[in-house]
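Reproduced below: work-v2.cif, with mmCIF, C-alpha atoms and all ligand atoms.
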```
data_protein
loop_
_atom_site.group_PDB
_atom_site.id
_atom_site.type_symbol
_atom_site.label_atom_id
_atom_site.label_comp_id
_atom_site.auth_asym_id
_atom_site.auth_seq_id
_atom_site.Cartn_x
_atom_site.Cartn_y
_atom_site.Cartn_z
ATOM 1 C CA MET A 17 106.198 69.370 133.339
ATOM 2 C CA ASN A 18 102.911 69.565 135.245
ATOM 3 C CA ASN A 19 100.902 71.465 132.672
ATOM 4 C CA LEU A 20 102.256 70.506 129.248
ATOM 5 C CA LEU A 21 102.373 67.350 127.155
ATOM 6 C CA LEU A 22 105.034 66.923 124.483
ATOM 7 C CA GLU A 23 105.218 64.284 121.761
ATOM 8 C CA ILE A 24 107.938 64.390 119.113
ATOM 9 C CA GLU A 25 107.505 62.253 116.019
ATOM 10 C CA ASN A 26 108.776 62.526 112.430
ATOM 11 C CA GLY A 27 110.119 66.061 112.858
ATOM 12 C CA ILE A 28 106.903 67.385 114.429
ATOM 13 C CA ALA A 29 106.587 68.387 118.080
ATOM 14 C CA LEU A 30 102.991 68.257 119.293
ATOM 15 C CA LEU A 31 102.854 70.495 122.366
ATOM 16 C CA THR A 32 99.601 70.381 124.349
ATOM 17 C CA ILE A 33 98.612 72.768 127.129
ATOM 18 C CA ASN A 34 97.107 70.357 129.586
ATOM 19 C CA ARG A 35 94.917 71.962 132.243
ATOM 20 C CA PRO A 36 91.528 70.777 131.016
ATOM 21 C CA LYS A 37 89.732 71.427 134.344
ATOM 22 C CA SER A 38 90.319 75.157 133.886
ATOM 23 C CA LEU A 39 89.993 75.037 130.088
ATOM 24 C CA ASN A 40 93.793 75.177 129.752
ATOM 25 C CA ALA A 41 94.010 78.616 131.363
ATOM 26 C CA LEU A 42 97.570 79.922 131.522
ATOM 27 C CA ASN A 43 98.901 80.343 135.060
ATOM 28 C CA SER A 44 102.459 81.430 135.867
ATOM 29 C CA GLU A 45 103.654 77.849 136.250
ATOM 30 C CA THR A 46 102.373 76.961 132.768
ATOM 31 C CA LEU A 47 104.010 80.061 131.278
ATOM 32 C CA SER A 48 107.352 79.120 132.902
ATOM 33 C CA GLU A 49 107.072 75.553 131.658
ATOM 34 C CA LEU A 50 106.254 76.798 128.161
ATOM 35 C CA ASN A 51 109.304 79.019 128.194
ATOM 36 C CA THR A 52 111.592 76.172 129.290
ATOM 37 C CA CYS A 53 110.070 73.699 126.841
ATOM 38 C CA LEU A 54 110.298 76.100 123.879
ATOM 39 C CA ARG A 55 113.917 76.917 124.766
ATOM 40 C CA GLU A 56 114.722 73.219 124.516
ATOM 41 C CA LEU A 57 112.727 72.769 121.299
ATOM 42 C CA GLU A 58 114.366 75.710 119.537
ATOM 43 C CA GLY A 59 117.747 74.002 119.949
ATOM 44 C CA ASN A 60 116.462 70.614 118.781
ATOM 45 C CA THR A 61 117.396 70.315 115.113
ATOM 46 C CA ASP A 62 115.308 67.145 114.748
ATOM 47 C CA VAL A 63 112.166 69.257 115.248
ATOM 48 C CA LYS A 64 111.087 71.181 112.156
ATOM 49 C CA VAL A 65 107.507 72.147 113.057
ATOM 50 C CA VAL A 66 105.801 72.726 116.398
ATOM 51 C CA ILE A 67 102.026 72.235 116.624
ATOM 52 C CA LEU A 68 100.505 73.887 119.708
ATOM 53 C CA THR A 69 97.091 72.811 120.937
ATOM 54 C CA GLY A 70 94.940 72.509 124.066
ATOM 55 C CA SER A 71 93.758 69.453 125.950
ATOM 56 C CA GLY A 72 90.173 68.276 125.535
ATOM 57 C CA GLU A 73 87.534 69.141 122.964
ATOM 58 C CA LYS A 74 86.209 72.361 124.416
ATOM 59 C CA ALA A 75 89.075 74.792 124.692
ATOM 60 C CA PHE A 76 92.364 75.662 123.101
ATOM 61 C CA VAL A 77 93.211 78.109 125.925
ATOM 62 C CA ALA A 78 90.489 80.086 127.766
ATOM 63 C CA GLY A 79 92.907 82.856 128.730
ATOM 64 C CA ALA A 80 95.233 83.738 131.541
ATOM 65 C CA ASP A 81 94.231 82.120 134.833
ATOM 66 C CA ILE A 82 91.695 84.452 136.426
ATOM 67 C CA SER A 83 91.871 82.654 139.788
ATOM 68 C CA GLU A 84 95.587 83.492 139.974
ATOM 69 C CA MET A 85 95.124 87.082 138.795
ATOM 70 C CA VAL A 86 92.195 88.028 141.026
ATOM 71 C CA ASN A 87 94.394 88.876 144.029
ATOM 72 C CA ALA A 88 97.551 89.750 142.125
ATOM 73 C CA THR A 89 99.247 93.108 142.736
ATOM 74 C CA PRO A 90 100.221 95.470 139.890
ATOM 75 C CA ALA A 91 103.823 94.222 140.179
ATOM 76 C CA GLU A 92 102.673 90.602 139.948
ATOM 77 C CA GLY A 93 100.482 91.450 136.941
ATOM 78 C CA ARG A 94 103.480 93.021 135.227
ATOM 79 C CA THR A 95 105.678 90.004 136.034
ATOM 80 C CA MET A 96 103.058 87.716 134.496
ATOM 81 C CA GLY A 97 102.905 89.906 131.375
ATOM 82 C CA LEU A 98 106.694 89.814 131.036
ATOM 83 C CA LEU A 99 106.762 86.044 131.516
ATOM 84 C CA ALA A 100 104.249 85.672 128.688
ATOM 85 C CA LYS A 101 106.215 88.157 126.579
ATOM 86 C CA GLU A 102 109.304 85.964 126.899
ATOM 87 C CA ALA A 103 107.549 82.647 126.221
ATOM 88 C CA PHE A 104 105.380 83.957 123.368
ATOM 89 C CA GLY A 105 108.369 85.809 121.865
ATOM 90 C CA ARG A 106 110.224 82.513 121.804
ATOM 91 C CA LEU A 107 107.271 80.905 120.017
ATOM 92 C CA GLU A 108 107.104 83.747 117.521
ATOM 93 C CA ASN A 109 110.801 83.813 116.681
ATOM 94 C CA MET A 110 111.998 80.225 117.059
ATOM 95 C CA PRO A 111 113.651 78.843 113.893
ATOM 96 C CA GLN A 112 110.994 76.147 113.523
ATOM 97 C CA VAL A 113 107.544 76.841 112.083
ATOM 98 C CA THR A 114 104.779 76.995 114.691
ATOM 99 C CA ILE A 115 101.152 76.106 113.970
ATOM 100 C CA ALA A 116 98.356 76.760 116.477
ATOM 101 C CA ALA A 117 95.735 74.016 116.253
ATOM 102 C CA VAL A 118 92.900 76.018 117.821
ATOM 103 C CA ASN A 119 90.528 73.312 119.025
ATOM 104 C CA GLY A 120 87.953 75.415 120.910
ATOM 105 C CA TYR A 121 87.891 78.612 122.976
ATOM 106 C CA ALA A 122 90.857 80.897 122.239
ATOM 107 C CA LEU A 123 90.044 83.780 124.551
ATOM 108 C CA GLY A 124 92.305 86.434 126.046
ATOM 109 C CA GLY A 125 95.727 84.835 126.536
ATOM 110 C CA GLY A 126 94.477 81.947 124.347
ATOM 111 C CA CYS A 127 93.884 84.184 121.356
ATOM 112 C CA GLU A 128 97.183 85.879 122.175
ATOM 113 C CA ILE A 129 99.263 82.700 122.271
ATOM 114 C CA SER A 130 97.700 81.579 118.977
ATOM 115 C CA MET A 131 98.782 84.887 117.425
ATOM 116 C CA ALA A 132 102.382 84.290 118.499
ATOM 117 C CA CYS A 133 102.321 81.190 116.255
ATOM 118 C CA ASP A 134 103.140 81.484 112.563
ATOM 119 C CA ILE A 135 99.878 79.910 111.376
ATOM 120 C CA ARG A 136 96.458 79.342 112.998
ATOM 121 C CA VAL A 137 94.176 76.475 111.980
ATOM 122 C CA ALA A 138 90.825 76.537 113.783
ATOM 123 C CA SER A 139 88.321 73.769 114.367
ATOM 124 C CA GLU A 140 84.709 74.599 113.441
ATOM 125 C CA ASN A 141 83.748 75.002 117.119
ATOM 126 C CA ALA A 142 86.577 77.433 117.904
ATOM 127 C CA LYS A 143 85.764 80.857 119.305
ATOM 128 C CA PHE A 144 88.204 83.747 119.393
ATOM 129 C CA GLY A 145 88.020 86.871 121.525
ATOM 130 C CA GLN A 146 89.762 89.319 123.830
ATOM 131 C CA PRO A 147 87.458 89.539 126.865
ATOM 132 C CA GLU A 148 89.927 91.388 129.129
ATOM 133 C CA CYS A 149 88.215 94.795 129.206
ATOM 134 C CA GLY A 150 85.164 92.996 130.618
ATOM 135 C CA LEU A 151 87.374 91.923 133.534
ATOM 136 C CA GLY A 152 88.600 95.465 134.084
ATOM 137 C CA ILE A 153 92.029 94.861 132.567
ATOM 138 C CA LEU A 154 93.424 95.110 129.071
ATOM 139 C CA PRO A 155 94.969 92.345 126.967
ATOM 140 C CA GLY A 156 98.377 91.769 128.508
ATOM 141 C CA PHE A 157 99.948 88.898 126.581
ATOM 142 C CA GLY A 158 100.374 90.749 123.265
ATOM 143 C CA GLY A 159 96.731 91.245 122.229
ATOM 144 C CA THR A 160 96.865 94.986 121.662
ATOM 145 C CA GLN A 161 99.962 94.568 119.505
ATOM 146 C CA ARG A 162 99.678 91.288 117.590
ATOM 147 C CA LEU A 163 95.922 91.467 116.906
ATOM 148 C CA ALA A 164 96.222 94.927 115.350
ATOM 149 C CA ARG A 165 99.139 93.737 113.213
ATOM 150 C CA LEU A 166 97.229 90.637 112.064
ATOM 151 C CA VAL A 167 93.742 91.988 111.339
ATOM 152 C CA GLY A 168 94.261 95.766 111.281
ATOM 153 C CA LYS A 169 93.762 98.487 113.864
ATOM 154 C CA GLY A 170 90.014 98.978 113.377
ATOM 155 C CA ARG A 171 89.028 95.321 113.747
ATOM 156 C CA ALA A 172 91.423 94.833 116.673
ATOM 157 C CA LYS A 173 89.936 97.807 118.492
ATOM 158 C CA GLU A 174 86.393 96.547 117.905
ATOM 159 C CA LEU A 175 87.209 93.070 119.266
ATOM 160 C CA ILE A 176 89.092 94.435 122.286
ATOM 161 C CA PHE A 177 86.597 97.197 123.178
ATOM 162 C CA THR A 178 83.417 95.087 122.726
ATOM 163 C CA CYS A 179 84.859 91.794 124.118
ATOM 164 C CA ASP A 180 82.781 90.043 121.409
ATOM 165 C CA GLN A 181 83.501 86.356 120.865
ATOM 166 C CA ILE A 182 83.770 85.545 117.182
ATOM 167 C CA SER A 183 83.306 82.226 115.388
ATOM 168 C CA ALA A 184 86.044 80.345 113.569
ATOM 169 C CA GLU A 185 84.432 81.392 110.257
ATOM 170 C CA ASP A 186 84.535 85.075 111.211
ATOM 171 C CA ALA A 187 88.133 84.668 112.380
ATOM 172 C CA TYR A 188 88.897 83.127 108.981
ATOM 173 C CA ARG A 189 87.198 85.984 107.144
ATOM 174 C CA MET A 190 89.293 88.582 108.955
ATOM 175 C CA GLY A 191 92.565 86.702 108.506
ATOM 176 C CA LEU A 192 92.945 85.649 112.126
ATOM 177 C CA ALA A 193 92.527 81.957 111.233
ATOM 178 C CA ASN A 194 94.248 80.582 108.124
ATOM 179 C CA HIS A 195 91.843 77.637 107.793
ATOM 180 C CA VAL A 196 88.742 76.169 109.460
ATOM 181 C CA VAL A 197 88.388 72.378 109.592
ATOM 182 C CA PRO A 198 86.205 69.840 111.423
ATOM 183 C CA GLN A 199 87.496 69.234 114.931
ATOM 184 C CA ALA A 200 88.156 65.522 114.352
ATOM 185 C CA GLU A 201 90.469 66.408 111.446
ATOM 186 C CA LEU A 202 92.317 69.305 113.099
ATOM 187 C CA ILE A 203 95.563 67.648 114.182
ATOM 188 C CA ASP A 204 95.880 65.553 111.010
ATOM 189 C CA TYR A 205 95.274 68.691 108.943
ATOM 190 C CA CYS A 206 98.051 70.508 110.826
ATOM 191 C CA LYS A 207 100.379 67.504 110.495
ATOM 192 C CA ALA A 208 99.733 67.366 106.739
ATOM 193 C CA MET A 209 100.581 71.068 106.470
ATOM 194 C CA ALA A 210 103.714 70.436 108.555
ATOM 195 C CA GLY A 211 104.608 67.667 106.082
ATOM 196 C CA ARG A 212 104.380 70.100 103.145
ATOM 197 C CA ILE A 213 106.573 72.588 105.017
ATOM 198 C CA MET A 214 109.137 69.914 105.913
ATOM 199 C CA LYS A 215 109.633 69.014 102.243
ATOM 200 C CA ASN A 216 111.345 72.388 101.818
ATOM 201 C CA GLY A 217 114.766 73.551 102.930
ATOM 202 C CA PRO A 218 114.542 74.037 106.723
ATOM 203 C CA PHE A 219 117.232 76.710 106.814
ATOM 204 C CA ALA A 220 115.487 78.590 103.984
ATOM 205 C CA VAL A 221 112.151 78.382 105.828
ATOM 206 C CA ALA A 222 113.789 79.690 109.023
ATOM 207 C CA LEU A 223 115.384 82.593 107.109
ATOM 208 C CA ALA A 224 112.070 83.415 105.407
ATOM 209 C CA LYS A 225 110.384 83.455 108.832
ATOM 210 C CA GLN A 226 113.064 85.811 110.132
ATOM 211 C CA ALA A 227 112.692 88.096 107.102
ATOM 212 C CA ILE A 228 108.902 88.289 107.493
ATOM 213 C CA ASN A 229 108.944 88.791 111.271
ATOM 214 C CA THR A 230 111.686 91.409 111.297
ATOM 215 C CA GLY A 231 110.478 93.055 108.091
ATOM 216 C CA MET A 232 106.926 93.524 109.399
ATOM 217 C CA ASP A 233 108.302 95.553 112.303
ATOM 218 C CA THR A 234 110.388 97.897 110.192
ATOM 219 C CA ASP A 235 110.037 100.149 107.145
ATOM 220 C CA LEU A 236 109.813 98.604 103.676
ATOM 221 C CA ASP A 237 113.274 99.670 102.551
ATOM 222 C CA SER A 238 114.990 98.157 105.630
ATOM 223 C CA GLY A 239 112.881 95.008 105.234
ATOM 224 C CA LEU A 240 113.898 94.677 101.585
ATOM 225 C CA LYS A 241 117.574 95.144 102.491
ATOM 226 C CA LEU A 242 117.280 92.459 105.156
ATOM 227 C CA GLU A 243 115.609 90.164 102.625
ATOM 228 C CA ALA A 244 118.445 90.723 100.101
ATOM 229 C CA ASN A 245 121.011 89.891 102.797
ATOM 230 C CA LEU A 246 119.223 86.709 103.886
ATOM 231 C CA PHE A 247 118.647 85.778 100.230
ATOM 232 C CA GLY A 248 122.411 86.034 99.750
ATOM 233 C CA LEU A 249 123.048 83.986 102.884
ATOM 234 C CA SER A 250 120.794 81.196 101.567
ATOM 235 C CA PHE A 251 123.146 80.908 98.555
ATOM 236 C CA SER A 252 125.852 79.639 100.909
ATOM 237 C CA THR A 253 123.947 76.464 101.778
ATOM 238 C CA GLU A 254 124.133 72.867 100.626
ATOM 239 C CA ASP A 255 120.332 73.012 100.461
ATOM 240 C CA LYS A 256 120.427 75.688 97.744
ATOM 241 C CA LYS A 257 122.735 73.466 95.653
ATOM 242 C CA GLU A 258 120.474 70.461 96.221
ATOM 243 C CA GLY A 259 117.162 72.267 95.572
ATOM 244 C CA MET A 260 118.315 73.851 92.318
ATOM 245 C CA THR A 261 120.153 70.767 91.065
ATOM 246 C CA ALA A 262 117.064 68.640 91.710
ATOM 247 C CA PHE A 263 115.001 71.061 89.631
ATOM 248 C CA LEU A 264 117.467 71.036 86.746
ATOM 249 C CA GLU A 265 117.730 67.240 86.864
ATOM 250 C CA LYS A 266 113.903 67.052 86.911
ATOM 251 C CA ARG A 267 114.217 65.091 90.140
ATOM 252 C CA LYS A 268 111.243 65.068 92.568
ATOM 253 C CA GLU A 269 113.152 63.693 95.570
ATOM 254 C CA LYS A 270 115.259 66.296 97.328
ATOM 255 C CA HIS A 271 117.656 65.701 100.186
ATOM 256 C CA PHE A 272 117.766 68.817 102.299
ATOM 257 C CA ILE A 273 120.088 68.748 105.276
ATOM 258 C CA GLY A 274 119.282 72.135 106.797
ATOM 259 C CA LYS A 275 122.729 73.581 106.066
HETATM 260 N N1 LIG B 1 90.938 81.246 134.225
HETATM 261 C C1 LIG B 1 90.682 80.395 135.236
HETATM 262 N N2 LIG B 1 89.723 79.441 135.170
HETATM 263 C C2 LIG B 1 89.009 79.382 134.029
HETATM 264 C C3 LIG B 1 89.220 80.232 132.939
HETATM 265 C C4 LIG B 1 90.258 81.204 133.070
HETATM 266 N N3 LIG B 1 90.572 82.051 132.081
HETATM 267 N N4 LIG B 1 88.338 79.937 131.977
HETATM 268 C C5 LIG B 1 87.606 78.916 132.431
HETATM 269 N N5 LIG B 1 87.996 78.566 133.669
HETATM 270 C C6 LIG B 1 87.450 77.531 134.523
HETATM 271 C C7 LIG B 1 86.097 77.926 135.100
HETATM 272 O O1 LIG B 1 86.264 78.741 136.246
HETATM 273 C C8 LIG B 1 85.506 76.575 135.406
HETATM 274 O O2 LIG B 1 86.081 76.097 136.602
HETATM 275 P P1 LIG B 1 85.152 75.317 137.696
HETATM 276 O O3 LIG B 1 84.685 74.069 136.970
HETATM 277 O O4 LIG B 1 86.095 75.042 138.798
HETATM 278 O O5 LIG B 1 84.029 76.229 138.021
HETATM 279 C C9 LIG B 1 86.034 75.697 134.283
HETATM 280 O O6 LIG B 1 87.160 76.381 133.750
HETATM 281 C C10 LIG B 1 85.020 75.511 133.167
HETATM 282 O O7 LIG B 1 84.595 76.794 132.748
HETATM 283 P P2 LIG B 1 83.040 77.233 132.663
HETATM 284 O O8 LIG B 1 82.223 76.487 133.654
HETATM 285 O O9 LIG B 1 82.997 78.727 132.734
HETATM 286 O O10 LIG B 1 82.697 76.705 131.197
HETATM 287 P P3 LIG B 1 81.583 77.300 130.215
HETATM 288 O O11 LIG B 1 81.464 76.315 129.120
HETATM 289 O O12 LIG B 1 80.372 77.697 130.934
HETATM 290 O O13 LIG B 1 82.262 78.642 129.615
HETATM 291 C C11 LIG B 1 84.030 79.984 128.747
HETATM 292 C C12 LIG B 1 83.426 78.577 128.848
HETATM 293 C C13 LIG B 1 83.124 80.894 127.884
HETATM 294 C C14 LIG B 1 85.378 79.863 128.053
HETATM 295 C C15 LIG B 1 84.169 80.592 130.154
HETATM 296 O O14 LIG B 1 84.877 79.648 130.962
HETATM 297 C C16 LIG B 1 84.931 81.881 130.206
HETATM 298 O O15 LIG B 1 84.380 82.913 129.878
HETATM 299 N N6 LIG B 1 86.195 81.825 130.651
HETATM 300 C C17 LIG B 1 86.996 83.018 130.850
HETATM 301 C C18 LIG B 1 87.446 83.592 129.552
HETATM 302 C C19 LIG B 1 88.238 84.863 129.788
HETATM 303 O O16 LIG B 1 87.740 85.839 130.314
HETATM 304 N N7 LIG B 1 89.502 84.844 129.380
HETATM 305 C C20 LIG B 1 90.406 85.972 129.518
HETATM 306 C C21 LIG B 1 91.174 85.860 130.782
HETATM 307 S S1 LIG B 1 92.103 87.318 131.117
HETATM 308 C C22 LIG B 1 93.444 87.208 130.111
HETATM 309 O O17 LIG B 1 93.607 86.296 129.334
HETATM 310 C C23 LIG B 1 94.414 88.335 130.284
HETATM 311 C C24 LIG B 1 95.461 88.395 129.223
HETATM 312 O O18 LIG B 1 95.458 89.214 128.332
HETATM 313 C C25 LIG B 1 96.541 87.518 129.298
#
```

Could you spell out this file's structure in structure tokens?
Amino acid sequence: MNNLLLEIENGIALLTINRPKSLNALNSETLSELNTCLRELEGNTDVKVVILTGSGEKAFVAGADISEMVNATPAEGRTMGLLAKEAFGRLENMPQVTIAAVNGYALGGGCEISMACDIRVASENAKFGQPECGLGILPGFGGTQRLARLVGKGRAKELIFTCDQISAEDAYRMGLANHVVPQAELIDYCKAMAGRIMKNGPFAVALAKQAINTGMDTDLDSGLKLEANLFGLSFSTEDKKEGMTAFLEKRKEKHFIGK
């Protein structure tokens, strides 16, 4: 991989977009590598949480690569959008929990990739925004869809139409960032959160993620039916037996096996 770094330790995959000279801008090669890497990670049962971040202290991801897009044809633009759709869709729906550790600029495709993660933790210096309309294009890696779903239609339209950059605090206030922490503590903070997630039944967490993701894109009644079905499915697991028995035995230690 030319543009990604991957470290796997204690159930956590730390995936870093590593193009610091262009503030980790996403070119087609990086999108393809992301897709391949995420495909491998989603089948790796040793990995329970993926933390996604950017190289350096200035940027998470400063967007799609403008130097690649400047001479791209409409067909090439569409291909790039579809490549991102596939990679970001994988991130959004993989069985593991994904946390974006937003360590600086998250603009355009950077804001968009963070929104494909389950949870966003921002460092105090982070800045979010969708500057595409200022480049004469519109957000093309999910911004018009995921931003509106996360913060509501009115706020999404304001951010996309004005191209305003907002601070980590403002992102927190509108629900785009779950937490804001000092930059030096960002990765440890995300790892600690991953640790709390990993104490729980991994299969149950994956089913809950599926219920939320699918349910948010359907009507309430269908979402509730899906939840009842997945709730029932979770009763078939060893983890359900273990989790409930541990409670009844007043035992703190639980031994989940993900089945
Ligand atoms: N694509 C390609 N290169 C980029 C880039 C991007 N999105 N963002 C930054 N870079 C490059 C710069 O060209 C510069 O390269 P050189 O050193 O070779 O000149 C280097 O990264 C450092 O950037 P700056 O000198 O501009 O750094 P700065 O501190 O002055 O500004 C910034 C930082 C505000 C993030 C500024 O770089 C910027 O505005 N970047 C572009 C942000 C943007 O418009 N993103 C949206 C892209 S379109 C998109 O994402 C479409 C979509 O929906 C998928």

Just checking: using all atoms listed in the file, which residue out of A:Gly93, A:Gly79, A:Gly248, A:Gly217 ends up closest to A:Ile129?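 Result for the nearest residue to A:Ile129: A:Gly79.
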
Could you write out as a PyMOL selection string the residues that the PyMOL selection byres (((chain A and resi 108) around 6) and not hetatm) matches in the shown file? chain A and resi 105-107+109+132-133

Save out the residues we just selected, C-alpha atoms, as an mmCIF file, in the frame of the given file.
```cif
data_model
loop_
_atom_site.group_PDB
_atom_site.id
_atom_site.type_symbol
_atom_site.label_atom_id
_atom_site.label_comp_id
_atom_site.auth_asym_id
_atom_site.auth_seq_id
_atom_site.Cartn_x
_atom_site.Cartn_y
_atom_site.Cartn_z
ATOM 1 C CA GLY A 105 108.369 85.809 121.865
ATOM 2 C CA ARG A 106 110.224 82.513 121.804
ATOM 3 C CA LEU A 107 107.271 80.905 120.017
ATOM 4 C CA ASN A 109 110.801 83.813 116.681
ATOM 5 C CA ALA A 132 102.382 84.290 118.499
ATOM 6 C CA CYS A 133 102.321 81.190 116.255
#
```

Could you tell me, counting all atoms listed in the file, which protein and nucleic acid residues lie no more than 6 Å from ligand LIG 1 (chain B), written as a ChimeraX atom specification? /A:37-39,41,78-83,121,123-125,147-148,155-157

Selection under test: the PyMOL selection byres (((chain A and resi 56-67) around 8) and not hetatm); residues as a PyMOL selection string: chain A and resi 24+27-31+52-55+68-69+110-117+206-207+210+214+218

Atom CA of A:Phe272 to atom CA of A:Lys256, distance in Å rounded to a single decimal: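 So the answer is 8.7 Å.
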
Quick one: pull the distance between atom CA of A:Ile153 and atom CA of A:Asp180, Å, one decimal.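 Computing it gives 15.3 Å between the two atoms.
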
Just give me the gap between atom CA of A:Glu49 and atom CA of A:Arg94 in Å, one decimal is fine.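 Distance reported for this atom pair: 18.2 Å.
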
Axis-aligned box for all listed atoms of stretch 43-52 of chain A, 8 Å per side, centre and edges in Å to one decimal, as lines of an AutoDock Vina configuration file:
```
center_x = 105.2
center_y = 78.5
center_z = 132.2
size_x = 28.7
size_y = 21.9
size_z = 24.1
```

When distances are computed from all atoms listed in the file, which of A:Asp204, A:Val197, A:Leu223, A:Leu42 shows the smallest separation from A:Thr253?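 So, comparing all the options, the nearest one is A:Leu223.
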
Non-local contacts of A:Ser130 (8 Å; all atoms listed in the file; under 5 positions in same chain excluded) as a list in words: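 Counting only the stated atoms, we get Ala116, Val118, Ala122 and Arg136 of chain A.
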
Using all atoms listed in the file, determine which residues lie at most 12 Å from A:Lys241, disregarding the query and same-chain residues fewer than 6 positions distant; provide the list as an mmCIF file with C-alpha atoms, in the frame of the given file.
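Output file part.cif is given in full below:
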```cif
data_model
loop_
_atom_site.group_PDB
_atom_site.id
_atom_site.type_symbol
_atom_site.label_atom_id
_atom_site.label_comp_id
_atom_site.auth_asym_id
_atom_site.auth_seq_id
_atom_site.Cartn_x
_atom_site.Cartn_y
_atom_site.Cartn_z
ATOM 1 C CA ALA A 227 112.692 88.096 107.102
ATOM 2 C CA THR A 230 111.686 91.409 111.297
ATOM 3 C CA GLY A 231 110.478 93.055 108.091
ATOM 4 C CA THR A 234 110.388 97.897 110.192
ATOM 5 C CA ASP A 235 110.037 100.149 107.145
ATOM 6 C CA PHE A 247 118.647 85.778 100.230
ATOM 7 C CA GLY A 248 122.411 86.034 99.750
#
```

Take the PyMOL selection byres (((chain A and resi 144) around 10) and not hetatm), apply it to the structure above, and return the hits as a PyMOL selection string. chain A and resi 76-78+118+120-124+126-128+130+138+142-143+145-147+175+179-184+186-187+192-193

Counting all atoms listed in the file, what is within 8 Å of A:Leu99, bar same-chain residues fewer than 3 positions away, as JSON, numbers by chain? {"A": [44, 47, 48, 95, 96, 102, 103]}

Could you check which of A:Val167, A:Thr178, A:Leu20, A:Asn26 is closest to A:Gly211, using only C-alpha atoms?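 Once distances to A:Gly211 are computed over only C-alpha atoms, the minimum belongs to A:Asn26.
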